[in-house]
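As stored in structure_17.txt (compact mmCIF, C-alpha atoms and all ligand atoms):
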```txt
# COMPACT_ATOMS: atom_id res chain seq x y z
CA MET N 1 -56.51 22.34 -61.88
CA ALA N 2 -58.41 25.55 -61.09
CA CYS N 3 -60.91 23.47 -59.20
CA GLN N 4 -58.19 21.87 -57.12
CA ALA N 5 -56.73 25.28 -56.35
CA LYS N 6 -60.14 26.50 -55.26
CA ALA N 7 -60.64 23.48 -53.05
CA LEU N 8 -57.22 24.07 -51.54
CA THR N 9 -58.02 27.73 -50.90
CA LEU N 10 -61.28 26.71 -49.26
CA LEU N 11 -59.54 24.13 -47.12
CA LEU N 12 -56.90 26.66 -46.09
CA SER N 13 -59.48 29.25 -45.14
CA ILE N 14 -61.35 26.70 -43.08
CA LEU N 15 -58.10 25.86 -41.31
CA VAL N 16 -57.29 29.54 -40.79
CA ILE N 17 -60.75 30.21 -39.40
CA SER N 18 -60.63 27.25 -37.07
CA PHE N 19 -57.21 28.20 -35.73
CA CYS N 20 -57.97 31.89 -35.34
CA LYS N 21 -61.14 31.56 -33.32
CA PRO N 22 -59.92 30.43 -29.92
CA SER N 23 -63.34 30.93 -28.34
CA ASP N 24 -64.55 27.82 -30.17
CA GLY N 25 -61.73 25.55 -29.08
CA ALA N 26 -60.74 24.26 -25.68
CA GLY N 27 -59.04 26.49 -23.14
CA ILE N 28 -57.82 26.79 -19.59
CA ALA N 29 -59.63 28.33 -16.62
CA ILE N 30 -57.50 29.44 -13.68
CA TYR N 31 -58.36 30.46 -10.13
CA TRP N 32 -56.63 33.64 -8.98
CA GLY N 33 -56.41 35.28 -5.58
CA GLN N 34 -55.89 32.36 -3.21
CA ASP N 35 -52.98 30.92 -1.22
CA GLY N 36 -50.47 33.66 -2.02
CA TYR N 37 -49.49 36.22 -4.63
CA GLY N 38 -49.52 34.57 -8.04
CA GLY N 39 -48.74 37.66 -10.09
CA SER N 40 -51.03 40.49 -11.13
CA LEU N 41 -54.18 39.93 -13.15
CA ALA N 42 -52.55 41.61 -16.14
CA ASP N 43 -49.46 39.37 -15.91
CA THR N 44 -51.72 36.34 -15.50
CA CYS N 45 -53.64 37.15 -18.65
CA GLU N 46 -50.58 38.22 -20.60
CA THR N 47 -49.17 34.69 -20.40
CA GLY N 48 -51.71 33.77 -23.07
CA ASN N 49 -52.31 30.48 -21.25
CA TYR N 50 -55.80 31.14 -19.93
CA ARG N 51 -59.22 31.77 -21.37
CA PHE N 52 -61.01 32.26 -18.02
CA VAL N 53 -59.86 33.83 -14.77
CA ASN N 54 -61.91 33.17 -11.64
CA VAL N 55 -61.28 35.84 -9.02
CA ALA N 56 -61.55 33.91 -5.75
CA PHE N 57 -63.41 34.29 -3.47
CA LEU N 58 -66.46 36.13 -2.25
CA SER N 59 -66.12 33.91 0.81
CA ILE N 60 -68.63 35.30 3.35
CA PHE N 61 -72.26 35.89 2.40
CA GLY N 62 -75.84 34.83 2.94
CA ASN N 63 -78.10 34.24 5.92
CA GLY N 64 -77.63 37.82 7.14
CA ARG N 65 -73.82 37.84 7.00
CA LYS N 66 -72.13 41.01 5.81
CA PRO N 67 -70.56 39.94 2.48
CA GLU N 68 -66.76 39.85 2.45
CA MET N 69 -64.07 38.71 0.06
CA SER N 70 -60.94 36.78 0.90
CA LEU N 71 -58.27 37.63 -1.65
CA GLU N 72 -55.03 36.93 0.16
CA GLY N 73 -53.30 36.46 -3.18
CA ALA N 74 -54.11 39.95 -4.43
CA ASN N 75 -51.86 42.29 -2.42
CA CYS N 76 -54.83 44.40 -1.31
CA ASP N 77 -57.74 44.36 1.13
CA PRO N 78 -61.02 44.23 -0.76
CA ASN N 79 -63.10 44.70 2.38
CA ALA N 80 -61.43 48.00 3.26
CA GLY N 81 -61.96 49.38 -0.26
CA GLY N 82 -58.33 48.72 -1.20
CA CYS N 83 -58.78 46.61 -4.32
CA ALA N 84 -60.66 48.96 -6.66
CA TRP N 85 -57.49 49.25 -8.76
CA LEU N 86 -57.94 45.60 -9.75
CA SER N 87 -60.45 46.97 -12.27
CA ASN N 88 -57.51 47.88 -14.50
CA GLY N 89 -56.35 44.27 -14.60
CA ILE N 90 -59.86 42.96 -15.13
CA THR N 91 -60.42 45.25 -18.10
CA TYR N 92 -56.98 44.42 -19.46
CA CYS N 93 -57.83 40.70 -19.38
CA GLN N 94 -61.23 41.27 -20.96
CA ASN N 95 -59.63 43.24 -23.78
CA LEU N 96 -57.50 40.17 -24.52
CA GLY N 97 -60.70 38.14 -24.92
CA ILE N 98 -60.39 36.49 -21.52
CA LYS N 99 -63.52 36.16 -19.37
CA VAL N 100 -63.14 37.24 -15.76
CA LEU N 101 -65.62 35.73 -13.31
CA LEU N 102 -66.29 36.32 -9.63
CA SER N 103 -65.96 33.04 -7.76
CA ILE N 104 -68.20 32.69 -4.72
CA GLY N 105 -67.81 30.24 -1.86
CA GLY N 106 -64.48 28.48 -1.45
CA ARG N 107 -62.93 26.45 1.30
CA SER N 108 -64.26 28.44 4.26
CA ASP N 109 -67.62 27.48 5.66
CA ASN N 110 -68.84 30.99 6.26
CA TYR N 111 -71.44 31.11 3.50
CA SER N 112 -74.92 29.69 2.96
CA LEU N 113 -78.32 30.69 1.69
CA SER N 114 -81.26 30.54 4.10
CA SER N 115 -84.15 30.85 1.62
CA ALA N 116 -85.09 31.67 -1.95
CA ASP N 117 -85.48 35.31 -0.85
CA ASP N 118 -81.99 35.23 0.59
CA ALA N 119 -80.72 33.93 -2.78
CA ILE N 120 -82.39 36.86 -4.55
CA LYS N 121 -80.91 39.31 -2.06
CA ILE N 122 -77.42 37.92 -2.68
CA ALA N 123 -77.99 38.03 -6.43
CA TYR N 124 -78.76 41.78 -6.15
CA TYR N 125 -75.69 42.29 -3.99
CA ILE N 126 -73.48 40.52 -6.56
CA TRP N 127 -75.11 42.36 -9.47
CA ASN N 128 -74.47 45.75 -7.89
CA SER N 129 -71.04 44.97 -6.47
CA PHE N 130 -69.35 43.11 -9.34
CA LEU N 131 -71.59 43.08 -12.42
CA GLY N 132 -73.59 45.69 -14.32
CA GLY N 133 -75.64 47.07 -11.40
CA HIS N 134 -75.23 50.69 -10.41
CA GLU N 135 -76.80 50.95 -6.96
CA THR N 136 -74.54 53.72 -5.69
CA SER N 137 -74.99 52.92 -2.00
CA ILE N 138 -73.12 49.63 -2.56
CA LYS N 139 -69.31 49.77 -2.62
CA ARG N 140 -67.70 47.80 -5.43
CA PRO N 141 -64.83 45.77 -3.93
CA LEU N 142 -63.07 45.38 -7.31
CA GLY N 143 -63.90 48.84 -8.61
CA ASP N 144 -65.93 49.81 -11.67
CA ALA N 145 -65.00 46.95 -13.99
CA ILE N 146 -67.96 44.77 -14.91
CA LEU N 147 -67.09 41.11 -14.50
CA ASP N 148 -68.33 38.58 -17.04
CA GLY N 149 -70.17 36.35 -14.64
CA VAL N 150 -70.21 34.28 -11.49
CA ASP N 151 -68.58 30.96 -10.60
CA PHE N 152 -70.18 28.80 -7.88
CA TYR N 153 -67.42 27.11 -5.83
CA ILE N 154 -69.73 25.78 -3.16
CA ASN N 155 -67.99 23.11 -1.10
CA THR N 156 -69.97 23.20 2.09
CA GLY N 157 -73.46 23.41 3.58
CA SER N 158 -76.65 22.24 1.96
CA GLY N 159 -77.61 22.15 -1.70
CA LEU N 160 -80.61 24.37 -1.12
CA TYR N 161 -81.31 27.66 -2.94
CA TRP N 162 -78.22 27.67 -5.18
CA ASP N 163 -80.63 27.05 -8.08
CA ASP N 164 -82.54 30.17 -7.01
CA LEU N 165 -79.31 32.13 -7.00
CA ALA N 166 -78.46 30.84 -10.49
CA ARG N 167 -81.88 31.82 -11.83
CA ALA N 168 -81.72 35.28 -10.25
CA LEU N 169 -78.23 35.97 -11.65
CA HIS N 170 -79.23 34.65 -15.05
CA GLY N 171 -82.19 37.06 -14.90
CA PHE N 172 -79.73 39.97 -15.03
CA SER N 173 -78.49 38.84 -18.43
CA GLY N 174 -79.46 41.42 -20.98
CA GLU N 175 -77.49 43.21 -23.60
CA ARG N 176 -74.52 41.88 -21.70
CA LYS N 177 -74.74 38.22 -20.75
CA VAL N 178 -74.05 37.12 -17.18
CA TYR N 179 -72.06 33.90 -17.58
CA LEU N 180 -72.55 31.20 -14.97
CA ALA N 181 -69.96 28.61 -13.98
CA ALA N 182 -69.97 25.87 -11.37
CA ALA N 183 -67.10 23.99 -9.73
CA PRO N 184 -68.65 20.82 -8.32
CA GLN N 185 -66.51 18.27 -6.47
CA CYS N 186 -65.89 15.11 -8.48
CA PRO N 187 -68.12 12.57 -6.66
CA PHE N 188 -71.32 12.52 -8.72
CA PRO N 189 -73.85 13.95 -8.17
CA ASP N 190 -72.41 16.90 -6.32
CA ALA N 191 -73.82 17.35 -2.84
CA HIS N 192 -74.08 21.13 -3.13
CA LEU N 193 -74.51 22.09 -6.77
CA ASP N 194 -76.51 19.28 -8.36
CA THR N 195 -79.87 21.07 -8.22
CA ALA N 196 -78.32 24.31 -9.45
CA ILE N 197 -76.59 22.61 -12.39
CA LYS N 198 -79.85 20.90 -13.33
CA THR N 199 -81.40 24.30 -14.06
CA GLY N 200 -79.43 24.07 -17.31
CA LEU N 201 -78.36 27.70 -16.88
CA PHE N 202 -74.64 27.04 -16.47
CA ASP N 203 -72.33 27.82 -19.34
CA TYR N 204 -69.29 26.14 -17.81
CA VAL N 205 -68.98 23.28 -15.34
CA TRP N 206 -65.37 22.74 -14.18
CA VAL N 207 -65.26 19.63 -12.07
CA GLN N 208 -62.80 19.49 -9.16
CA PHE N 209 -61.06 16.22 -9.95
CA TYR N 210 -58.91 16.64 -6.85
CA ASN N 211 -59.00 16.20 -3.10
CA ASN N 212 -61.20 13.14 -3.20
CA THR N 213 -59.70 9.67 -3.47
CA SER N 214 -62.88 8.27 -5.02
CA CYS N 215 -62.37 10.22 -8.26
CA GLN N 216 -58.99 11.98 -8.32
CA TYR N 217 -55.95 10.72 -10.21
CA SER N 218 -53.99 8.33 -8.02
CA GLY N 219 -51.26 6.67 -10.05
CA ASN N 220 -53.84 5.85 -12.69
CA ALA N 221 -56.78 7.71 -14.16
CA ASN N 222 -59.37 4.93 -13.98
CA ASN N 223 -61.67 6.54 -11.42
CA LEU N 224 -61.30 9.95 -13.01
CA LEU N 225 -62.09 8.69 -16.50
CA ASN N 226 -65.06 6.65 -15.30
CA GLY N 227 -66.50 9.67 -13.52
CA TRP N 228 -65.92 11.86 -16.53
CA LYS N 229 -67.47 9.52 -19.11
CA GLN N 230 -70.32 8.05 -17.11
CA SER N 231 -71.49 11.13 -15.28
CA TRP N 232 -69.94 14.52 -15.72
CA ILE N 233 -69.90 14.78 -19.48
CA GLN N 234 -73.67 14.23 -19.45
CA VAL N 235 -74.51 17.26 -17.31
CA GLU N 236 -76.61 19.97 -18.82
CA ALA N 237 -74.00 22.66 -19.44
CA ASN N 238 -72.51 24.13 -22.58
CA GLN N 239 -69.01 23.02 -21.69
CA VAL N 240 -67.44 20.69 -19.13
CA PHE N 241 -63.85 21.11 -17.93
CA LEU N 242 -61.39 18.81 -16.22
CA GLY N 243 -60.41 20.54 -12.97
CA LEU N 244 -56.89 19.72 -11.71
CA PRO N 245 -54.26 20.89 -9.22
CA ALA N 246 -51.58 23.00 -10.91
CA ALA N 247 -48.89 21.47 -8.67
CA PRO N 248 -48.56 18.61 -6.17
CA GLN N 249 -48.80 21.09 -3.25
CA ALA N 250 -52.04 22.63 -4.57
CA ALA N 251 -54.32 19.66 -3.82
CA HIS N 252 -54.37 15.85 -3.84
CA GLY N 253 -54.62 14.21 -7.24
CA PHE N 254 -51.86 15.98 -9.18
CA ILE N 255 -51.24 14.57 -12.68
CA PRO N 256 -47.79 15.13 -14.22
CA VAL N 257 -48.35 17.13 -17.40
CA ASP N 258 -46.84 14.51 -19.73
CA VAL N 259 -49.20 11.89 -18.28
CA LEU N 260 -52.10 14.31 -18.66
CA ASN N 261 -51.22 14.88 -22.32
CA SER N 262 -50.58 11.26 -23.22
CA GLU N 263 -52.93 9.22 -21.03
CA VAL N 264 -55.82 11.41 -19.94
CA LEU N 265 -56.64 14.18 -22.39
CA PRO N 266 -56.75 12.02 -25.54
CA SER N 267 -59.79 10.11 -24.30
CA ILE N 268 -61.68 13.04 -22.82
CA LYS N 269 -61.11 15.74 -25.40
CA ILE N 270 -63.15 13.77 -27.91
CA SER N 271 -66.31 14.66 -25.92
CA PRO N 272 -68.24 17.33 -27.84
CA LYS N 273 -68.83 19.24 -24.60
CA PHE N 274 -65.17 19.21 -23.56
CA GLY N 275 -64.29 22.82 -22.75
CA GLY N 276 -60.74 22.36 -21.53
CA VAL N 277 -58.91 22.25 -18.23
CA MET N 278 -59.53 24.18 -15.01
CA LEU N 279 -56.52 24.69 -12.74
CA TRP N 280 -56.29 25.27 -9.00
CA ASN N 281 -54.63 27.81 -8.84
CA LYS N 282 -52.42 30.58 -10.26
CA TYR N 283 -50.17 30.69 -7.21
CA PHE N 284 -49.15 27.08 -7.92
CA ASP N 285 -49.01 27.30 -11.72
CA HIS N 286 -45.30 27.35 -12.45
CA GLY N 287 -45.34 26.14 -16.01
CA TYR N 288 -48.08 23.52 -15.76
CA SER N 289 -50.64 25.39 -17.86
CA GLY N 290 -48.06 26.12 -20.54
CA GLY N 291 -47.37 22.40 -20.96
CA ILE N 292 -50.96 21.32 -21.51
CA ILE N 293 -51.76 20.25 -25.07
CA LEU N 294 -55.33 20.99 -26.13
CA ASP N 295 -56.82 20.86 -29.61
CA GLY N 296 -53.92 18.77 -30.79
CA THR N 297 -51.59 21.76 -30.71
CA LYS N 298 -49.92 23.89 -28.10
CA LEU N 299 -52.15 26.49 -26.54
CA ILE N 300 -53.42 29.21 -28.80
CA SER N 301 -53.11 32.65 -27.28
CA PRO N 302 -56.45 34.41 -26.88
CA ALA N 303 -57.08 36.87 -29.70
C1 LIG Y 401 -67.58 34.49 9.60
O1 LIG Y 401 -67.24 35.82 9.22
C2 LIG Y 401 -67.48 36.78 10.22
C3 LIG Y 401 -67.19 38.16 9.64
O2 LIG Y 401 -65.85 38.25 9.26
C4 LIG Y 401 -66.62 36.49 11.44
O3 LIG Y 401 -66.88 37.42 12.45
C5 LIG Y 401 -66.93 35.06 11.93
O4 LIG Y 401 -66.07 34.74 12.98
C6 LIG Y 401 -66.76 34.08 10.81
N1 LIG Y 401 -67.24 32.77 11.24
C7 LIG Y 401 -66.56 31.64 10.98
C8 LIG Y 401 -67.21 30.38 11.45
O5 LIG Y 401 -65.51 31.62 10.40
C1 LIG Y 402 -65.13 12.27 -1.11
O1 LIG Y 402 -66.39 11.96 -1.64
C2 LIG Y 402 -67.15 11.10 -0.83
C3 LIG Y 402 -68.38 10.74 -1.63
O2 LIG Y 402 -69.12 11.86 -1.97
C4 LIG Y 402 -67.47 11.82 0.47
O3 LIG Y 402 -68.25 10.99 1.30
C5 LIG Y 402 -66.16 12.18 1.17
O4 LIG Y 402 -66.42 12.95 2.32
C6 LIG Y 402 -65.27 12.99 0.24
N1 LIG Y 402 -63.96 13.14 0.83
C7 LIG Y 402 -63.34 14.30 0.94
C8 LIG Y 402 -61.99 14.28 1.53
O5 LIG Y 402 -63.86 15.35 0.58
C1 LIG Y 403 -57.28 20.01 -0.59
O1 LIG Y 403 -57.18 19.36 0.67
C2 LIG Y 403 -56.17 19.88 1.53
C3 LIG Y 403 -56.21 19.09 2.81
O2 LIG Y 403 -56.05 17.73 2.55
C4 LIG Y 403 -56.47 21.34 1.83
O3 LIG Y 403 -55.44 21.87 2.60
C5 LIG Y 403 -56.57 22.11 0.54
O4 LIG Y 403 -56.97 23.42 0.82
C6 LIG Y 403 -57.58 21.48 -0.40
N1 LIG Y 403 -57.52 22.18 -1.65
C7 LIG Y 403 -58.60 22.56 -2.31
C8 LIG Y 403 -58.36 23.31 -3.55
O5 LIG Y 403 -59.73 22.32 -1.95
```
Written as C-alpha cells, how would this file's structure read?
Amino acid sequence: MACQAKALTLLLSILVISFCKPSDGAGIAIYWGQDGYGGSLADTCETGNYRFVNVAFLSIFGNGRKPEMSLEGANCDPNAGGCAWLSNGITYCQNLGIKVLLSIGGRSDNYSLSSADDAIKIAYYIWNSFLGGHETSIKRPLGDAILDGVDFYINTGSGLYWDDLARALHGFSGERKVYLAAAPQCPFPDAHLDTAIKTGLFDYVWVQFYNNTSCQYSGNANNLLNGWKQSWIQVEANQVFLGLPAAPQAAHGFIPVDVLNSEVLPSIKISPKFGGVMLWNKYFDHGYSGGIILDGTKLISPA
C-alpha cells in the first residue's frame, strides 16, 4: 500500500515536472513587425501563445550597405532612432521566459554578404546593435535590451558566407548564449542557408512550409510530410519547427487549424527534434496560434 502511494507520488511529480517546464516541450515561434501593426510586443507575449518572437527584419545590410531595419508593423521608425522604447517590450517578453530574436533578411533583396570579412563585419554590427556589445559609437535601433539571438531569414542571393556569419555570431556566446535560428524555404536543400545550417550551430530551424507549391500544403499534406520526414527532420539542429502562414492572406499554403491538429501534427510531433510551429506572422494571427494543439494538450503558457 505504502509502496503504491510512493509510486503514485513519484508518477505525479514526474507529471507535474513535465507539465511545468514549457522550455522542454514544443512551442510556437512568431514573426513580429511585418505587414502591419499586430499589437505591441508586450501584448504579443502576454497572450501566452508564443515561446519565440522574431523581430523582423534587419532588411538592409552587407556589401557596404548602411544597415537598416524595416519594421512597418512596429509603429516607430528604427532608422531614425525612434524604436528604442521597444526595449521595454523585449525585456517584458524575456521576463515571461520568451526568447526574442532579431530576424535578418526578409523578402526584400537588399542584403548580401560579399566575403568572409564582410560576414565578420556584419556580426560585429549585430553584436553591438542588438546583442551584448557595447561599442558606444553604434546606435542601438531597439534600445538597450539585449536580444537572445539572431534568426536568418535569407530568401535571396547566394548561399555564400552565411556560415561565416553564423560562426562569428556564435563566437560571441559567452556567459550569455547567442541563440541562432534559420528559416529556410521548404525545397530541400535550401538554396541560401544549407551551408550555414550544416555548421551545426543552429539551435532552431523553422522551415517555411509556404509559398512554394512543391512542398506547401495544397489540399493535402503529402508533399509537406514527405519533405519533413525525408529531409528536414534530419538537419543538424537542436529543434526543427513547422513554419506555416497564420492566415490564408499571409502566404500560400494555409492549413485550417483543425486539419493541422488532426492530419498533420500527429505524424510530425513524434519526431524527437520537433520543436513546434513557426507562424508567419503576428499581424495575421487572429486566433490561429491559440487553436494549435501541441504536446497533446492546449498550449501551456510560458512560465
Ligand atoms: C537598398 O537600400 C538603400 C538604402 O535605403 C536604397 O537607397 C536602395 O534604393 C535600396 N535598393 C533596392 C534595390 O531596394
Ligand atoms: C519553389 O522551389 C523550387 C525548387 O527549389 C524553385 O525552383 C522555385 O523557384 C520555388 N518557387 C517559388 C515561388 O519560390
Ligand atoms: C508569399 O508570396 C506572396 C506572393 O505570391 C508574397 O506577396 C508574400 O509576401 C509571400 N510571403 C512570404 C511570407 O514570403
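Between atom CA of N:Leu225 and atom C3 of ligand LIG 403 (chain Y) the interatomic distance comes to 22.7 Å.
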Taking all atoms listed in the file into account, list the residues no farther than 9 Å from ligand LIG 402 (chain Y), as a list in words.
Asn155, Gln185, Cys186, Pro187, Phe188, Pro189, Asp190, Ala191, Asn211, Asn212, Thr213, Ser214 and Cys215 of chain N
Which of these residues is nearest to N:Asn95, using all atoms listed in the file: N:Ile120, N:Pro266, N:Arg51, N:Ile126?
N:Arg51
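Across the structure, atom CA of N:Val178 and atom CA of N:Asp148 are spaced 5.9 Å apart.
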Write out as a short mmCIF file (atom, residue, chain, number, x, y, z; two decimals) with C-alpha atoms, in the coordinates of the input each polymer residue whose atoms come within 7 Å of stretch 279-296 of chain N, counting only C-alpha atoms; drop sequence neighbours fewer than 4 positions from it.
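Result file follows (part_7.cif):
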```
data_model
loop_
_atom_site.label_atom_id
_atom_site.label_comp_id
_atom_site.auth_asym_id
_atom_site.auth_seq_id
_atom_site.Cartn_x
_atom_site.Cartn_y
_atom_site.Cartn_z
CA GLY N 25 -61.73 25.55 -29.08
CA ALA N 26 -60.74 24.26 -25.68
CA ALA N 29 -59.63 28.33 -16.62
CA ILE N 30 -57.50 29.44 -13.68
CA TYR N 31 -58.36 30.46 -10.13
CA TRP N 32 -56.63 33.64 -8.98
CA ASP N 35 -52.98 30.92 -1.22
CA GLY N 36 -50.47 33.66 -2.02
CA TYR N 37 -49.49 36.22 -4.63
CA GLY N 38 -49.52 34.57 -8.04
CA ASN N 49 -52.31 30.48 -21.25
CA GLY N 243 -60.41 20.54 -12.97
CA LEU N 244 -56.89 19.72 -11.71
CA PRO N 245 -54.26 20.89 -9.22
CA ALA N 246 -51.58 23.00 -10.91
CA ALA N 247 -48.89 21.47 -8.67
CA ALA N 250 -52.04 22.63 -4.57
CA VAL N 257 -48.35 17.13 -17.40
CA ASN N 261 -51.22 14.88 -22.32
#
```
Using only C-alpha atoms and all ligand atoms, determine which residues fall within 9 Å of ligand LIG 401 (chain Y), then list them as a count of residues only.
11
Got a sec to check which residues sit within 12 Å of (-78.0, 26.7, -16.5), counting only C-alpha atoms, and write them as number ranges by chain?
N: 150-152, 162-171, 178-182, 193-205, 235-239
If we draw a sphere of 7 Å around (-60.3, 25.0, -19.0), which residues have at least one atom in it when counting all atoms listed in the file? Please report them as a compact mmCIF listing (two decimals) with C-alpha atoms, in the coordinates of the input.
```txt
# COMPACT_ATOMS: atom_id res chain seq x y z
CA ALA N 26 -60.74 24.26 -25.68
CA GLY N 27 -59.04 26.49 -23.14
CA ILE N 28 -57.82 26.79 -19.59
CA ALA N 29 -59.63 28.33 -16.62
CA PHE N 241 -63.85 21.11 -17.93
CA LEU N 242 -61.39 18.81 -16.22
CA GLY N 275 -64.29 22.82 -22.75
CA GLY N 276 -60.74 22.36 -21.53
CA VAL N 277 -58.91 22.25 -18.23
CA MET N 278 -59.53 24.18 -15.01
```
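Proximity of N:Leu131, N:Ala183, N:Leu58, N:Val264 to N:Tyr217, computed with only C-alpha atoms, is greatest for N:Val264.
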Under the rule that all atoms listed in the file are counted, which of N:Ile154, N:Cys45, N:Ala116, N:Ile255 is the nearest residue to ligand LIG 403 (chain Y)?
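Smallest separation from ligand LIG 403 (chain Y) among the options: N:Ile154.
Minimum atom-to-atom distance to N:Phe254, evaluated using only C-alpha atoms, belongs to N:Gln216 out of N:Asn222, N:Gln216, N:Ser40, N:Ser70.
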As AutoDock Vina command-line options, please report the centre and edge lengths, rounded to one decimal in Å, of the axis-aligned box that holds all listed atoms of ligand LIG 403 (chain Y) with 6 Å of padding on each of the six sides.
```
--center_x -57.6 --center_y 20.6 --center_z -0.4 --size_x 16.3 --size_y 17.7 --size_z 18.4
```
Go ahead and compute the interatomic distance for atom CA of N:Trp232 and atom CA of N:Thr47, in Å to one decimal.
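Spanning atom CA of N:Trp232 to atom CA of N:Thr47 is a straight-line distance of 29.3 Å.
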Compare N:Met69, N:Val100, N:Leu113, N:Ile90 by their minimum atom-to-atom distance to N:Pro141, counting only C-alpha atoms, and give me the closest one.
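Checking each candidate against N:Pro141, we get N:Met69 as the closest.
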